[in-house]
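Text of target.tsv (TSV, C-alpha atoms) as supplied:
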```
chain	number	residue	atom	x	y	z
A	8	MET	CA	-17.62	-8.39	46.29
A	9	THR	CA	-17.43	-9.71	42.76
A	10	GLN	CA	-16.45	-7.16	40.13
A	11	PRO	CA	-18.93	-6.43	37.31
A	12	ILE	CA	-18.62	-8.82	34.38
A	13	GLU	CA	-17.51	-5.96	32.13
A	14	LEU	CA	-14.44	-5.39	34.33
A	15	ILE	CA	-13.79	-9.12	34.69
A	16	LEU	CA	-13.77	-9.53	30.92
A	17	LEU	CA	-11.57	-6.44	30.48
A	18	ARG	CA	-9.08	-7.89	32.93
A	19	GLN	CA	-9.06	-11.21	31.09
A	20	TRP	CA	-8.67	-9.41	27.77
A	21	SER	CA	-5.83	-7.29	29.12
A	22	THR	CA	-3.84	-10.34	30.16
A	23	TYR	CA	-3.67	-11.28	26.47
A	24	GLN	CA	-2.44	-7.83	25.39
A	25	ALA	CA	1.17	-6.87	24.86
A	26	ILE	CA	0.21	-3.20	25.28
A	27	PRO	CA	0.22	-1.90	28.86
A	28	VAL	CA	-3.32	-1.68	30.25
A	29	TRP	CA	-4.69	-0.22	33.49
A	30	ILE	CA	-8.21	-0.85	34.76
A	31	ILE	CA	-9.68	1.42	37.38
A	32	ASP	CA	-13.06	1.19	39.04
A	33	ILE	CA	-15.71	3.84	39.55
A	34	ASN	CA	-13.90	5.09	42.66
A	35	GLY	CA	-10.64	5.59	40.80
A	36	ASP	CA	-8.97	2.64	42.50
A	37	LEU	CA	-6.47	0.82	40.29
A	38	LEU	CA	-7.99	-2.65	40.17
A	39	PHE	CA	-5.61	-4.31	37.77
A	40	TYR	CA	-2.73	-3.76	35.40
A	41	ASN	CA	-1.32	-6.32	33.03
A	42	GLU	CA	2.19	-7.69	32.61
A	43	ALA	CA	3.08	-5.16	29.96
A	44	ALA	CA	2.06	-2.40	32.36
A	45	GLU	CA	4.18	-3.96	35.08
A	46	ALA	CA	7.24	-3.50	32.90
A	47	THR	CA	6.30	0.06	32.03
A	48	LEU	CA	5.49	1.03	35.59
A	49	GLY	CA	8.27	-0.88	37.28
A	50	LEU	CA	5.82	-2.51	39.68
A	51	ARG	CA	4.48	-6.04	39.77
A	52	TYR	CA	0.74	-6.45	40.23
A	53	GLU	CA	1.22	-9.64	42.20
A	54	GLU	CA	3.29	-7.67	44.72
A	55	ALA	CA	1.35	-4.41	44.80
A	56	GLY	CA	-2.17	-5.71	44.19
A	57	ALA	CA	-4.99	-3.23	43.79
A	58	ILE	CA	-4.03	0.35	44.61
A	59	HIS	CA	-6.40	2.77	46.28
A	60	ALA	CA	-6.98	6.05	44.45
A	61	SER	CA	-5.56	8.01	47.37
A	62	GLU	CA	-2.26	6.09	47.15
A	63	MET	CA	-1.76	6.52	43.42
A	64	ALA	CA	-0.04	9.92	43.58
A	65	ASP	CA	2.53	8.54	46.02
A	66	ILE	CA	3.31	5.50	43.90
A	67	PHE	CA	3.14	7.03	40.43
A	68	GLN	CA	4.71	10.46	40.15
A	69	THR	CA	3.42	12.11	37.01
A	70	THR	CA	4.64	15.33	35.41
A	71	ALA	CA	4.34	17.07	32.07
A	72	LEU	CA	7.09	16.34	29.56
A	73	ASP	CA	8.88	19.52	30.62
A	74	GLY	CA	8.81	18.41	34.23
A	75	SER	CA	6.08	20.78	35.36
A	76	ALA	CA	3.28	19.55	37.56
A	77	ILE	CA	0.09	18.08	36.04
A	78	PRO	CA	-3.07	18.52	38.06
A	79	SER	CA	-4.53	15.07	38.59
A	80	GLU	CA	-7.83	16.21	37.10
A	81	ASN	CA	-6.05	16.63	33.74
A	82	LEU	CA	-4.79	13.05	33.56
A	83	PRO	CA	-6.43	11.11	30.69
A	84	ILE	CA	-7.74	8.34	32.92
A	85	VAL	CA	-9.24	10.85	35.34
A	86	ILE	CA	-10.95	12.64	32.43
A	87	ALA	CA	-12.30	9.34	31.08
A	88	LEU	CA	-13.65	8.40	34.49
A	89	ARG	CA	-15.07	11.82	35.35
A	90	ASP	CA	-16.38	12.99	31.98
A	91	ARG	CA	-17.24	9.57	30.56
A	92	HIS	CA	-15.50	10.19	27.27
A	93	PRO	CA	-12.14	9.13	25.81
A	94	ALA	CA	-9.05	11.19	26.49
A	95	HIS	CA	-5.46	11.16	25.29
A	96	GLY	CA	-2.30	12.71	26.59
A	97	GLU	CA	1.44	12.53	27.03
A	98	LEU	CA	3.29	12.67	30.31
A	99	ARG	CA	6.26	11.49	32.26
A	100	ILE	CA	5.79	8.94	34.99
A	101	LYS	CA	8.12	7.64	37.64
A	102	ALA	CA	6.95	4.54	39.48
A	103	GLY	CA	8.29	1.73	41.59
A	104	ASP	CA	11.68	1.34	39.93
A	105	GLY	CA	12.42	5.09	40.00
A	106	VAL	CA	12.85	5.26	36.22
A	107	ALA	CA	11.22	8.21	34.44
A	108	ARG	CA	9.25	7.20	31.34
A	109	HIS	CA	7.62	9.19	28.56
A	110	LEU	CA	4.17	7.74	27.97
A	111	HIS	CA	1.39	8.31	25.49
A	112	ILE	CA	-1.86	7.42	27.22
A	113	THR	CA	-5.28	6.75	25.76
A	114	ALA	CA	-8.08	6.27	28.23
A	115	PHE	CA	-11.73	5.41	27.75
A	116	PRO	CA	-14.66	4.98	30.13
A	117	VAL	CA	-16.21	1.61	30.85
A	118	GLU	CA	-19.92	2.00	30.20
A	119	GLY	CA	-21.76	-1.22	30.98
A	120	LEU	CA	-25.21	-2.32	29.98
A	121	SER	CA	-28.14	-0.84	31.88
A	122	ASP	CA	-26.41	2.56	31.84
A	123	ARG	CA	-23.84	1.54	34.46
A	124	HIS	CA	-20.69	3.67	34.60
A	125	LEU	CA	-18.18	1.17	35.92
A	126	GLY	CA	-14.72	2.67	35.61
A	127	ALA	CA	-12.10	3.43	33.00
A	128	VAL	CA	-9.29	1.79	31.09
A	129	ALA	CA	-5.95	3.35	30.15
A	130	MET	CA	-3.57	2.00	27.53
A	131	PHE	CA	0.04	3.19	27.38
A	132	TRP	CA	2.67	3.51	24.71
A	133	GLU	CA	6.18	4.23	25.93
A	134	GLU	CA	8.43	6.55	23.97
A	135	PRO	CA	12.15	6.31	24.69
A	136	ILE	CA	13.46	9.38	26.47
A	137	PRO	CA	16.45	10.70	24.54
B	11	MET	CA	-38.84	-23.75	48.05
B	12	ARG	CA	-39.59	-26.48	45.54
B	13	ILE	CA	-37.63	-26.74	42.30
B	14	LEU	CA	-38.86	-28.81	39.36
B	15	LEU	CA	-36.49	-29.35	36.45
B	16	SER	CA	-38.73	-29.36	33.38
B	17	GLY	CA	-36.14	-28.89	30.65
B	18	THR	CA	-32.43	-29.43	31.21
B	19	ARG	CA	-31.04	-29.65	27.69
B	20	GLY	CA	-28.89	-26.93	26.17
B	21	SER	CA	-28.66	-25.40	22.72
B	22	LEU	CA	-31.21	-27.57	20.90
B	23	ALA	CA	-34.12	-29.76	21.91
B	24	SER	CA	-33.02	-33.34	21.40
B	25	SER	CA	-35.79	-35.74	22.31
B	26	GLY	CA	-35.34	-39.37	21.35
B	27	PRO	CA	-34.85	-42.84	22.72
B	28	ASP	CA	-31.32	-42.01	23.85
B	29	THR	CA	-32.33	-38.95	25.90
B	30	VAL	CA	-35.34	-40.23	27.80
B	31	GLU	CA	-33.68	-40.15	31.21
B	32	TYR	CA	-32.22	-36.65	31.12
B	33	GLY	CA	-34.84	-35.31	28.76
B	34	GLY	CA	-34.64	-33.52	25.47
B	35	ASP	CA	-36.43	-30.27	26.31
B	36	THR	CA	-34.39	-27.09	26.61
B	37	ALA	CA	-34.02	-24.95	29.71
B	38	SER	CA	-37.02	-24.37	31.92
B	39	ILE	CA	-37.45	-24.73	35.68
B	40	HIS	CA	-40.47	-24.27	37.89
B	41	VAL	CA	-39.84	-22.77	41.33
B	42	THR	CA	-42.64	-22.59	43.87
B	43	ALA	CA	-42.41	-20.93	47.26
B	44	ALA	CA	-44.98	-19.19	49.45
B	45	ASP	CA	-47.67	-19.59	46.78
B	46	ARG	CA	-45.55	-17.80	44.20
B	47	HIS	CA	-44.86	-19.45	40.87
B	48	ILE	CA	-41.61	-18.59	39.15
B	49	VAL	CA	-40.41	-20.09	35.90
B	50	LEU	CA	-36.71	-19.83	35.12
B	51	ASP	CA	-36.22	-19.61	31.36
B	52	ALA	CA	-38.66	-20.50	28.65
B	53	GLY	CA	-37.03	-23.22	26.62
B	54	SER	CA	-39.17	-26.00	25.22
B	55	GLY	CA	-39.48	-27.40	28.76
B	56	ILE	CA	-41.86	-24.59	29.67
B	57	ARG	CA	-44.66	-26.13	27.62
B	58	ARG	CA	-45.22	-28.84	30.21
B	59	LEU	CA	-45.39	-26.21	32.96
B	60	SER	CA	-48.60	-24.77	31.54
B	61	GLN	CA	-50.52	-27.34	33.55
B	62	ALA	CA	-48.41	-26.86	36.66
B	63	VAL	CA	-49.43	-23.21	36.96
B	64	GLU	CA	-53.06	-23.72	35.99
B	65	GLY	CA	-55.40	-21.78	38.25
B	66	GLN	CA	-52.76	-19.25	39.26
B	67	SER	CA	-53.47	-15.56	38.75
B	68	ARG	CA	-49.82	-14.63	38.28
B	69	VAL	CA	-46.69	-16.30	36.97
B	70	ASP	CA	-43.24	-14.71	36.82
B	71	VAL	CA	-40.93	-15.90	34.04
B	72	LEU	CA	-37.29	-14.99	34.58
B	73	LEU	CA	-35.26	-15.17	31.39
B	74	THR	CA	-31.49	-15.36	31.68
B	75	HIS	CA	-30.97	-14.32	28.08
B	76	LEU	CA	-32.64	-14.50	24.73
B	77	HIS	CA	-30.87	-17.32	22.93
B	78	MET	CA	-33.44	-19.54	21.27
B	79	ASP	CA	-33.05	-22.49	23.61
B	80	HIS	CA	-34.17	-20.20	26.45
B	81	ILE	CA	-37.19	-18.56	24.81
B	82	GLN	CA	-38.47	-20.94	22.17
B	83	GLY	CA	-41.16	-22.32	24.47
B	84	LEU	CA	-42.71	-18.95	25.33
B	85	GLY	CA	-45.27	-19.14	22.56
B	86	PHE	CA	-46.38	-22.55	23.83
B	87	PHE	CA	-46.87	-21.52	27.47
B	88	SER	CA	-50.64	-21.35	27.70
B	89	PRO	CA	-50.88	-18.68	30.46
B	90	MET	CA	-49.49	-16.24	27.88
B	91	PHE	CA	-52.82	-16.46	26.08
B	92	ASN	CA	-55.06	-16.47	29.15
B	93	PRO	CA	-56.32	-12.98	30.03
B	94	GLU	CA	-57.08	-14.23	33.55
B	95	VAL	CA	-53.38	-14.76	34.25
B	96	GLU	CA	-50.75	-12.05	34.58
B	97	VAL	CA	-47.53	-13.30	33.07
B	98	HIS	CA	-44.62	-11.11	34.11
B	99	ILE	CA	-41.57	-11.70	31.96
B	100	TRP	CA	-38.24	-10.49	33.31
B	101	GLY	CA	-35.07	-10.45	31.26
B	102	PRO	CA	-32.22	-8.38	29.88
B	103	GLY	CA	-32.49	-5.88	27.08
B	104	SER	CA	-29.39	-4.98	25.13
B	105	ALA	CA	-27.44	-1.76	24.75
B	106	GLU	CA	-29.82	-0.51	22.07
B	107	PHE	CA	-33.04	-2.54	22.33
B	108	THR	CA	-35.64	-3.24	25.00
B	109	LEU	CA	-36.71	-6.68	26.10
B	110	GLU	CA	-39.96	-6.23	24.17
B	111	GLN	CA	-38.15	-5.28	20.99
B	112	LEU	CA	-35.83	-8.26	21.27
B	113	LEU	CA	-38.52	-10.82	22.18
B	114	GLY	CA	-40.68	-9.34	19.44
B	115	ARG	CA	-38.17	-10.48	16.86
B	116	TYR	CA	-39.12	-14.07	17.68
B	117	LEU	CA	-42.72	-13.61	18.80
B	118	SER	CA	-43.88	-12.01	15.57
B	119	PRO	CA	-44.46	-13.11	11.99
B	120	PRO	CA	-42.92	-14.74	10.09
B	121	LEU	CA	-41.30	-16.72	12.92
B	122	PHE	CA	-44.44	-16.87	15.08
B	123	PRO	CA	-48.07	-16.14	14.19
B	124	VAL	CA	-48.84	-13.89	17.16
B	125	HIS	CA	-46.99	-10.70	18.11
B	126	ILE	CA	-46.08	-10.39	21.75
B	127	ARG	CA	-47.71	-6.95	21.98
B	128	GLU	CA	-51.07	-8.59	21.24
B	129	LEU	CA	-50.87	-10.59	24.47
B	130	SER	CA	-52.63	-8.29	26.89
B	131	SER	CA	-51.82	-10.19	30.06
B	132	VAL	CA	-48.08	-10.17	29.46
B	133	VAL	CA	-46.05	-7.59	31.38
B	134	LEU	CA	-42.44	-7.16	30.36
B	135	HIS	CA	-39.72	-5.98	32.72
B	136	ASP	CA	-36.35	-4.92	31.36
B	137	THR	CA	-34.16	-6.38	34.06
B	138	ASN	CA	-30.91	-4.84	35.22
B	139	PRO	CA	-28.34	-6.09	37.72
B	140	GLY	CA	-29.75	-5.64	41.19
B	141	THR	CA	-32.37	-7.00	43.54
B	142	PHE	CA	-36.16	-7.07	43.41
B	143	GLU	CA	-38.91	-8.75	45.37
B	144	LEU	CA	-41.51	-11.22	44.14
B	145	GLY	CA	-43.69	-11.37	47.22
B	146	PRO	CA	-41.53	-12.87	49.96
B	147	ILE	CA	-38.94	-14.08	47.46
B	148	THR	CA	-35.87	-11.92	46.95
B	149	VAL	CA	-34.46	-12.13	43.44
B	150	SER	CA	-30.91	-10.98	42.70
B	151	ALA	CA	-29.77	-10.62	39.11
B	152	ASP	CA	-26.38	-9.90	37.65
B	153	TYR	CA	-24.68	-10.11	34.29
B	154	VAL	CA	-22.52	-13.19	33.87
B	155	CYS	CA	-19.97	-14.42	31.36
B	156	HIS	CA	-21.84	-15.59	28.26
B	157	PRO	CA	-22.02	-14.03	24.78
B	158	GLY	CA	-24.61	-11.24	24.73
B	159	ALA	CA	-26.42	-9.75	27.69
B	160	THR	CA	-26.99	-12.67	30.06
B	161	LEU	CA	-28.24	-12.61	33.61
B	162	GLY	CA	-27.78	-15.13	36.36
B	163	TYR	CA	-30.35	-15.28	39.15
B	164	ARG	CA	-30.34	-15.97	42.87
B	165	LEU	CA	-33.62	-16.63	44.68
B	166	GLU	CA	-33.90	-16.41	48.45
B	167	ILE	CA	-36.71	-16.98	50.89
B	168	ASP	CA	-36.68	-17.69	54.62
B	169	GLY	CA	-32.94	-18.31	54.70
B	170	LYS	CA	-33.06	-20.78	51.79
B	171	SER	CA	-31.46	-19.99	48.49
B	172	MET	CA	-30.84	-21.21	44.99
B	173	ALA	CA	-28.82	-19.85	42.08
B	174	TYR	CA	-29.46	-20.41	38.40
B	175	LEU	CA	-26.66	-19.89	35.89
B	176	PRO	CA	-27.52	-22.22	33.02
B	177	ASP	CA	-25.22	-20.62	30.45
B	178	HIS	CA	-21.98	-19.56	32.04
B	179	GLU	CA	-18.31	-19.64	31.16
B	180	PRO	CA	-16.53	-18.26	34.21
B	181	ALA	CA	-13.28	-19.93	33.14
B	182	LEU	CA	-13.00	-17.89	29.94
B	183	GLY	CA	-9.54	-16.42	29.71
B	184	VAL	CA	-8.68	-17.31	33.31
B	185	GLU	CA	-5.20	-18.79	33.57
B	186	HIS	CA	-5.80	-20.70	36.78
B	187	PHE	CA	-9.48	-21.48	37.28
B	188	PRO	CA	-11.14	-21.03	39.67
B	189	ALA	CA	-9.59	-17.71	40.50
B	190	ASP	CA	-10.08	-15.12	43.21
B	191	PRO	CA	-13.83	-14.83	43.97
B	192	GLU	CA	-13.62	-11.06	43.39
B	193	TRP	CA	-12.73	-11.81	39.77
B	194	THR	CA	-15.02	-14.81	39.21
B	195	SER	CA	-18.12	-14.18	37.15
B	196	GLY	CA	-21.31	-14.86	39.09
B	197	TYR	CA	-19.65	-15.55	42.42
B	198	ASP	CA	-21.90	-13.25	44.45
B	199	LEU	CA	-24.98	-14.93	43.01
B	200	MET	CA	-23.77	-18.44	43.76
B	201	VAL	CA	-21.92	-18.15	47.05
B	202	ASP	CA	-23.33	-20.25	49.90
B	203	THR	CA	-26.52	-21.18	48.07
B	204	ASP	CA	-28.32	-24.37	49.03
B	205	VAL	CA	-28.75	-25.33	45.38
B	206	LEU	CA	-26.71	-24.21	42.40
B	207	ILE	CA	-28.04	-25.05	38.94
B	208	HIS	CA	-25.06	-24.53	36.66
B	209	ASP	CA	-23.91	-25.02	33.12
B	210	ALA	CA	-22.05	-28.30	32.59
B	211	GLN	CA	-22.27	-28.70	28.85
B	212	TYR	CA	-18.86	-29.89	27.72
B	213	THR	CA	-16.22	-32.48	28.25
B	214	ASP	CA	-12.67	-31.14	28.49
B	215	ASP	CA	-12.00	-32.17	24.89
B	216	GLU	CA	-15.12	-30.43	23.64
B	217	TYR	CA	-14.30	-27.28	25.57
B	218	ALA	CA	-10.86	-27.11	23.99
B	219	GLU	CA	-12.58	-26.55	20.65
B	220	ARG	CA	-15.39	-24.34	21.93
B	221	GLN	CA	-13.82	-21.76	24.21
B	222	GLY	CA	-15.71	-18.51	24.12
B	223	TRP	CA	-19.03	-20.17	23.24
B	224	GLY	CA	-20.24	-19.36	26.75
B	225	HIS	CA	-20.36	-22.73	28.49
B	226	SER	CA	-18.55	-24.75	31.13
B	227	THR	CA	-17.13	-28.22	31.43
B	228	PHE	CA	-18.23	-30.75	34.02
B	229	ASP	CA	-15.00	-30.18	35.93
B	230	GLN	CA	-15.41	-26.42	35.84
B	231	ALA	CA	-18.92	-26.81	37.26
B	232	LEU	CA	-17.47	-28.86	40.10
B	233	ASP	CA	-14.76	-26.27	40.70
B	234	ILE	CA	-17.15	-23.34	40.78
B	235	ALA	CA	-19.52	-25.19	43.11
B	236	GLU	CA	-16.67	-25.90	45.49
B	237	LEU	CA	-15.38	-22.32	45.31
B	238	CYS	CA	-18.85	-21.02	46.14
B	239	GLY	CA	-19.47	-23.47	48.96
B	240	VAL	CA	-22.87	-24.59	47.70
B	241	GLY	CA	-24.98	-27.33	49.26
B	242	SER	CA	-25.91	-29.06	46.01
B	243	LEU	CA	-24.83	-28.76	42.41
B	244	VAL	CA	-27.30	-29.55	39.65
B	245	THR	CA	-25.58	-30.12	36.32
B	246	PHE	CA	-27.50	-28.42	33.56
B	247	HIS	CA	-27.60	-27.38	29.91
B	248	HIS	CA	-26.61	-30.80	28.64
B	249	ASP	CA	-25.12	-30.83	25.18
B	250	PRO	CA	-27.58	-32.15	22.61
B	251	GLY	CA	-24.96	-34.66	21.55
B	252	HIS	CA	-24.72	-36.22	25.01
B	253	ASP	CA	-27.07	-39.15	25.46
B	254	ASP	CA	-28.24	-40.74	28.73
B	255	LYS	CA	-25.47	-43.32	28.73
B	256	MET	CA	-22.76	-40.70	28.35
B	257	LEU	CA	-24.27	-38.37	30.97
B	258	ASN	CA	-24.56	-41.20	33.48
B	259	THR	CA	-20.96	-42.19	32.86
B	260	ILE	CA	-19.83	-38.61	33.39
B	261	ALA	CA	-21.91	-38.32	36.58
B	262	ALA	CA	-20.32	-41.52	37.88
B	263	ASN	CA	-16.87	-40.14	37.12
B	264	MET	CA	-17.69	-36.88	38.87
B	265	ARG	CA	-18.70	-38.84	41.95
B	266	SER	CA	-15.56	-40.95	41.91
B	267	HIS	CA	-13.82	-38.23	43.94
B	268	PRO	CA	-15.09	-36.96	47.29
B	269	LEU	CA	-17.21	-33.86	46.75
B	270	PRO	CA	-17.94	-31.22	49.40
B	271	PHE	CA	-21.50	-30.91	48.12
B	272	GLU	CA	-24.28	-33.12	46.80
B	273	LEU	CA	-24.13	-33.74	43.07
B	274	ILE	CA	-27.51	-33.90	41.34
B	275	PRO	CA	-27.36	-34.78	37.64
B	276	GLY	CA	-29.93	-32.54	35.97
B	277	ARG	CA	-32.60	-34.96	34.81
B	278	ALA	CA	-35.89	-33.56	33.55
B	279	GLY	CA	-38.65	-34.32	36.03
B	280	THR	CA	-36.40	-34.13	39.06
B	281	THR	CA	-37.85	-32.25	42.01
B	282	ILE	CA	-35.61	-30.68	44.64
B	283	GLU	CA	-36.93	-29.45	47.98
B	284	VAL	CA	-34.90	-26.71	49.64
```

Output the structure of this file as structure tokens.
Amino acid sequence: MTQPIELILLRQWSTYQAIPVWIIDINGDLLFYNEAAEATLGLRYEEAGAIHASEMADIFQTTALDGSAIPSENLPIVIALRDRHPAHGELRIKAGDGVARHLHITAFPVEGLSDRHLGAVAMFWEEPIP
Amino acid sequence: MRILLSGTRGSLASSGPDTVEYGGDTASIHVTAADRHIVLDAGSGIRRLSQAVEGQSRVDVLLTHLHMDHIQGLGFFSPMFNPEVEVHIWGPGSAEFTLEQLLGRYLSPPLFPVHIRELSSVVLHDTNPGTFELGPITVSADYVCHPGATLGYRLEIDGKSMAYLPDHEPALGVEHFPADPEWTSGYDLMVDTDVLIHDAQYTDDEYAERQGWGHSTFDQALDIAELCGVGSLVTFHHDPGHDDKMLNTIAANMRSHPLPFELIPGRAGTTIEV
């Protein structure tokens, strides 16, 4: 099934961004992440493809900066998707390459025309871990 | 299903001795099926359709979007002023304004002498992505890649289908076009249709200078038609600067390679039976 035009255009836009970008759909599935996100997450989109929401926790291990667990419902992108408002946070993430990274994340909901809630977008900024 | 191309020009009406064959009127198409009369877009080509729908008690006008070349004929479509005829106008609103508010900007003084709200037989339908029925005809609408809220349409009846995407730039920002169908604007509307009427406004050189303006090249129209597996492709929304000679040359070039579908250059007055 073809994705909504709003998500198609966001994907096209993200491929021209040097900032890491994730796009998830209304079900929480990770539809796309750009090249900058590939570097940050240590995983190539062309290899992994779309990732089902239920697989995300296995692939991306997220913790608070002190290493304590973060409930998934407190992740910025989950808040943006669930509550339909922007969210920001900091966390550590360990993905495909096993490297732990300190990320600042800003997420916002994708609200299409005709009152269609279509998903959410997360943008990352990596802070070097001392 | 019978499809009459009444106006095939894009952007600006461009009648003259050099555009007699393809026509100078802007986008408007008359679709008839099972005694239903549907008009796709209301460019200047809709004026000639006033006669074609004479005697009907209902006409449905499906607007893809509200750029002038798609609505400028509305005020010259005589059923709009006939209280005996219900004219149902379908089209997209925007994030903040209804279809009536947006159309009212044009159909009101000082741009037009009559306000749309004074036309008692006109029924406006803010149209969202989805499916609705016009009698036995199933209409599917979805937003497609073009600046501003723009719908594409797919009409189906008795296993026959057509798609209408007159202003469409599915190649915008795509590195290798055509891409995966899942990520191709309008694919679900167009796939496996008997007839696809699609934007083919630019040459490759023109497109290089006009990316993001919301239109396709001739080659992109061919690519999207092949990707979608259509039966026929009708080239549409001809640039006002392209005269008959140029359009015929381009059509001949398009046919110089084997095509997996029938190519129908969009000439005003052409009738297609599906």

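Residues having any atom no farther than 9 Å from (-34.9, -36.3, 27.7) (counting all atoms listed in the file) are Gly17, Thr18, Arg19, Ala23, Ser24, Ser25, Gly26, Pro27, Asp28, Thr29, Val30, Glu31, Tyr32, Gly33, Gly34, Asp35, Asp253, Asp254, Arg277 and Ala278 of chain B.
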
If you keep C-alpha atoms, can you produce a file of those selected residues as an mmCIF file, keeping the file's coordinate frame?
```cif
data_model
loop_
_atom_site.group_PDB
_atom_site.id
_atom_site.type_symbol
_atom_site.label_atom_id
_atom_site.label_comp_id
_atom_site.auth_asym_id
_atom_site.auth_seq_id
_atom_site.Cartn_x
_atom_site.Cartn_y
_atom_site.Cartn_z
ATOM 1 C CA GLY B 17 -36.140 -28.890 30.650
ATOM 2 C CA THR B 18 -32.430 -29.430 31.210
ATOM 3 C CA ARG B 19 -31.040 -29.650 27.690
ATOM 4 C CA ALA B 23 -34.120 -29.760 21.910
ATOM 5 C CA SER B 24 -33.020 -33.340 21.400
ATOM 6 C CA SER B 25 -35.790 -35.740 22.310
ATOM 7 C CA GLY B 26 -35.340 -39.370 21.350
ATOM 8 C CA PRO B 27 -34.850 -42.840 22.720
ATOM 9 C CA ASP B 28 -31.320 -42.010 23.850
ATOM 10 C CA THR B 29 -32.330 -38.950 25.900
ATOM 11 C CA VAL B 30 -35.340 -40.230 27.800
ATOM 12 C CA GLU B 31 -33.680 -40.150 31.210
ATOM 13 C CA TYR B 32 -32.220 -36.650 31.120
ATOM 14 C CA GLY B 33 -34.840 -35.310 28.760
ATOM 15 C CA GLY B 34 -34.640 -33.520 25.470
ATOM 16 C CA ASP B 35 -36.430 -30.270 26.310
ATOM 17 C CA ASP B 253 -27.070 -39.150 25.460
ATOM 18 C CA ASP B 254 -28.240 -40.740 28.730
ATOM 19 C CA ARG B 277 -32.600 -34.960 34.810
ATOM 20 C CA ALA B 278 -35.890 -33.560 33.550
#
```

**Message:** For a quick check of understanding, using all atoms listed in the file, which of A:Arg99, A:His109, A:Arg51, A:Arg91 has the smallest distance to Trp132 in chain A?
**Reply:**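 With all atoms listed in the file as the atom set, the closest residue is A:His109.
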
**Item:** Between CA of His247 in chain B and CA of Val49 in chain B, distance in Å (one decimal)
**Value:**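 These atoms are spaced 15.9 Å apart.
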
**Residues of chain A within 6 Å of chain B, all atoms listed in the file counted, as a list in words** =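 Applying the cut-off to the listed atoms yields Met8, Thr9, Gln10, Ile12, Ile15, Gln19, Leu120 and Ser121 of chain A.
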
**Prompt:** Near Phe115 in chain A, counting only C-alpha atoms, which residues have an atom at most 8 Å away, once you skip same-chain residues fewer than 4 positions from it, shown as number ranges by chain?
**Reply:** A: 84, 87-88, 91-94, 127-129

**Item:** Spatial neighbours of Val201 in chain B, 8 Å, all atoms listed in the file, chain gap at least 5 places, as a list of chain:residue names
**Value:** B:Leu237, B:Cys238, B:Gly239, B:Val240

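Take CA of Ile136 in chain A and CA of Gly74 in chain A: the distance between them is 12.8 Å.
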
**Nearby residues (only C-alpha atoms) at most 10 Å from range 57-67 of chain A, same-chain spacing under 6 positions excluded, as a list of chain:residue names** =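 Near neighbours after the sequence-gap exclusion: A:Ile30, A:Ile31, A:Asp32, A:Asn34, A:Gly35, A:Asp36, A:Leu37, A:Leu38, A:Phe39, A:Tyr40, A:Leu48, A:Gly49, A:Leu50, A:Ser79, A:Arg99, A:Ile100, A:Lys101, A:Ala102, A:Gly103, A:Gly105.
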
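Across the structure, CA of Ser60 in chain B and CA of Thr281 in chain B are spaced 16.8 Å apart.
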
**Asked** Using only C-alpha atoms, which residue out of A:Asp90, A:Leu98, A:Ala25, A:Glu53 lies closest to Val117 in chain A?
**Response**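 Among the listed residues, A:Asp90 lies closest to Val117 in chain A.
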
**Asked** So which residues are close to (-44.6, -21.8, 30.4), meaning at most 12 Å away in the file's coordinates with all atoms listed in the file counted, and can you show them as a ChimeraX atom specification?
**Response** /B:16-17,37-41,47-64,68-73,80-92,95,97-99

The selected residues should be written to file as a compact mmCIF listing (two decimals), keeping the file's coordinate frame (atoms: C-alpha atoms).
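Written file, part.txt:
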```txt
# COMPACT_ATOMS: atom_id res chain seq x y z
CA SER B 16 -38.73 -29.36 33.38
CA GLY B 17 -36.14 -28.89 30.65
CA ALA B 37 -34.02 -24.95 29.71
CA SER B 38 -37.02 -24.37 31.92
CA ILE B 39 -37.45 -24.73 35.68
CA HIS B 40 -40.47 -24.27 37.89
CA VAL B 41 -39.84 -22.77 41.33
CA HIS B 47 -44.86 -19.45 40.87
CA ILE B 48 -41.61 -18.59 39.15
CA VAL B 49 -40.41 -20.09 35.90
CA LEU B 50 -36.71 -19.83 35.12
CA ASP B 51 -36.22 -19.61 31.36
CA ALA B 52 -38.66 -20.50 28.65
CA GLY B 53 -37.03 -23.22 26.62
CA SER B 54 -39.17 -26.00 25.22
CA GLY B 55 -39.48 -27.40 28.76
CA ILE B 56 -41.86 -24.59 29.67
CA ARG B 57 -44.66 -26.13 27.62
CA ARG B 58 -45.22 -28.84 30.21
CA LEU B 59 -45.39 -26.21 32.96
CA SER B 60 -48.60 -24.77 31.54
CA GLN B 61 -50.52 -27.34 33.55
CA ALA B 62 -48.41 -26.86 36.66
CA VAL B 63 -49.43 -23.21 36.96
CA GLU B 64 -53.06 -23.72 35.99
CA ARG B 68 -49.82 -14.63 38.28
CA VAL B 69 -46.69 -16.30 36.97
CA ASP B 70 -43.24 -14.71 36.82
CA VAL B 71 -40.93 -15.90 34.04
CA LEU B 72 -37.29 -14.99 34.58
CA LEU B 73 -35.26 -15.17 31.39
CA HIS B 80 -34.17 -20.20 26.45
CA ILE B 81 -37.19 -18.56 24.81
CA GLN B 82 -38.47 -20.94 22.17
CA GLY B 83 -41.16 -22.32 24.47
CA LEU B 84 -42.71 -18.95 25.33
CA GLY B 85 -45.27 -19.14 22.56
CA PHE B 86 -46.38 -22.55 23.83
CA PHE B 87 -46.87 -21.52 27.47
CA SER B 88 -50.64 -21.35 27.70
CA PRO B 89 -50.88 -18.68 30.46
CA MET B 90 -49.49 -16.24 27.88
CA PHE B 91 -52.82 -16.46 26.08
CA ASN B 92 -55.06 -16.47 29.15
CA VAL B 95 -53.38 -14.76 34.25
CA VAL B 97 -47.53 -13.30 33.07
CA HIS B 98 -44.62 -11.11 34.11
CA ILE B 99 -41.57 -11.70 31.96
```
